[in-house]
Amino acid sequence: MTSSTPMPGRRERNKQQKLERIISAASELFAAHGVDEVTTQQIADAADIGTGTLFLYAKSKSELLLMVQNHRYERSLEQGIEASKSAKTALEATMALLVPIIDCNRKHVDNGRFYLREMVFGDSAEPHHAEALRIAALTEQAIAELLGTHRNLEAPEAATIARAITSIQFLAMATAADPALATAEVARGIRAQIAAILPH
């Protein structure tokens with residue numbers, strides 16, 4: 001007889017439903033108005049909860065943005081990893097992995113740049129900040145694995161180059177402030193820099 005995962009209790013289901021409403025409300029408001037123009041009260045009202053309840057899930061507006069963007073970035077990373085599987089070279093595989101993340105960052109340029117700033121300068125004790133750093137580390141790890149597969153690099157060298165690649169990506173996304181700049185244009189600049197540092 002096989003054991004099955006027990007169904008979550010009512011309390012856990014209610015917490016998950018509130019979390020989903022908060023993410024949905026914050027995501028829509030941030031996308032429509034930008035993080036600077038949205039208040040926590042507006043998010044609470046849109047999620048149909050009190051502000052006190054809202055702060056149980058995220059202690060600040062910055063943490064709310066991190067929570068929303070973390071959810072999107074992780075999905076984008078998953079898409080990139082899947083896309084990289086059919087690539088034939090290290091450069092193609094790396095770009096296949098990165099393009100969905102670049103695109104996610106540019107859905108709302110100001111919010112994307114705010115997210116990157118919070119990753120660097122935010123409170124590392126906050127759980128959503130820690131989650132952002134975890135996703136960044138997963139991105140580095142995935143790139144290192146691609147380099148190991150396509151270039152037969154030893155793990156330490158692959159990890160070092162992966163760190164350099166994510167630094168290139170981070171800086172390019174943070175400085176591409178013009179909303180008219182397309183994902184493909186940002187990706188082309190990143191690709192050229194990655195090509196220059198990959199071992200030949």
# chains A, B, ... in the order shown; residues from 1 in each chain; ligands from 1

$ residues_around --residues "region 7-23 of chain A" --least-positions-apart "4" --cutoff "8 Å" --atoms "only C-alpha atoms" --output "NGL selection string"
:A and (27 or 43-44 or 46-49 or 54 or 57 or 64 or 67-68)

$ residues_around --residues "region 151-162 of chain A" --least-positions-apart "4" --cutoff "9 Å" --atoms "only C-alpha atoms" --output "list in words"
Thr89, Ala90, Thr139, Glu140, Gln141, Ala142, Ile143, Ala144, Glu145, Leu146, Leu147, Thr166, Ser167, Ile197, Leu198, Pro199 and His200 of chain A

$ closest_residue --among "A:Leu91, A:Met119, A:Ala182, A:Val99" --to "His150 (chain A)" --atoms "only C-alpha atoms"
A:Leu91

$ select_by_dssp --residues "region 13-161 of chain A" --states "alpha helix (DSSP H)" --output "number ranges by chain"
A: 13-33, 40-47, 51-57, 61-84, 90-105, 109-121, 127-151, 155-161

$ atom_distance --atom1 "CA of Ile194 (chain A)" --atom2 "CA of Arg117 (chain A)"
22.5 Å

$ closest_residue --among "A:Gln69, A:Val109, A:Ala26, A:Ala137" --to "Asp178 (chain A)" --atoms "only C-alpha atoms"
A:Val109

$ residues_around --residues "Pro179 (chain A)" --least-positions-apart "3" --cutoff "12 Å" --atoms "only C-alpha atoms" --output "list in words"
Asp103, Asn105, Arg106, Lys107, His108, Val109, Asp110, Asn111, Gly112, Arg113, Met173, Ala174, Thr175, Ala176, Ala182, Thr183, Glu185 and Val186 of chain A

$ residues_around --residues "Val35 (chain A)" --least-positions-apart "2" --cutoff "9 Å" --atoms "only C-alpha atoms" --output "PDB file with C-alpha atoms, in the first residue's frame"
ATOM      1  CA  ALA A  26       0.448  43.123  -6.059  1.00  0.00           C
ATOM      2  CA  LEU A  29      -0.966  46.875  -9.358  1.00  0.00           C
ATOM      3  CA  PHE A  30       2.814  46.960  -9.771  1.00  0.00           C
ATOM      4  CA  ALA A  31       2.466  46.165 -13.488  1.00  0.00           C
ATOM      5  CA  HIS A  33       1.345  51.673 -11.943  1.00  0.00           C
ATOM      6  CA  GLU A  37       3.002  54.575  -7.153  1.00  0.00           C
ATOM      7  CA  VAL A  38       1.325  51.694  -5.299  1.00  0.00           C
ATOM      8  CA  THR A  39       0.571  51.642  -1.576  1.00  0.00           C
ATOM      9  CA  LYS A  61       6.423  47.122  -0.193  1.00  0.00           C
ATOM     10  CA  SER A  62       9.938  46.157  -1.234  1.00  0.00           C
ATOM     11  CA  LEU A  65       7.835  43.285  -4.993  1.00  0.00           C
ATOM     12  CA  ASP A 110      11.364  50.234 -13.381  1.00  0.00           C
ATOM     13  CA  ASN A 111      10.041  47.311 -11.344  1.00  0.00           C
ATOM     14  CA  PHE A 114      13.931  47.989  -8.365  1.00  0.00           C
TER      15      PHE A 114
END

$ closest_atom_pairs --of "region 101-142 of chain A" --to "region 71-80 of chain A" --cutoff "7 Å" --atoms "only C-alpha atoms" --output "CSV"
residue,atom,partner,partner_atom,distance
A:Ile101,CA,A:Ser76,CA,5.3
A:Cys104,CA,A:Tyr73,CA,6.7
A:Ile135,CA,A:Glu74,CA,6.5
A:Thr139,CA,A:Leu77,CA,6.9

$ residues_around --residues "Ala87 (chain A)" --least-positions-apart "5" --cutoff "8 Å" --atoms "only C-alpha atoms" --output "list in words"
Glu92, Ala93 and Ala96 of chain A

$ residues_around --residues "Glu118 (chain A)" --least-positions-apart "5" --cutoff "8 Å" --atoms "only C-alpha atoms" --output "list in words"
Ser62, Leu66, Asp123 and His129 of chain A

$ write_last_selection --atoms "C-alpha atoms" --output "mmCIF file, in the first residue's frame"
data_model
loop_
_atom_site.group_PDB
_atom_site.id
_atom_site.type_symbol
_atom_site.label_atom_id
_atom_site.label_comp_id
_atom_site.auth_asym_id
_atom_site.auth_seq_id
_atom_site.Cartn_x
_atom_site.Cartn_y
_atom_site.Cartn_z
ATOM 1 C CA SER A 62 9.938 46.157 -1.234
ATOM 2 C CA LEU A 66 10.482 40.681 -4.244
ATOM 3 C CA ASP A 123 17.677 43.196 4.069
ATOM 4 C CA HIS A 129 15.274 38.673 -0.176
#
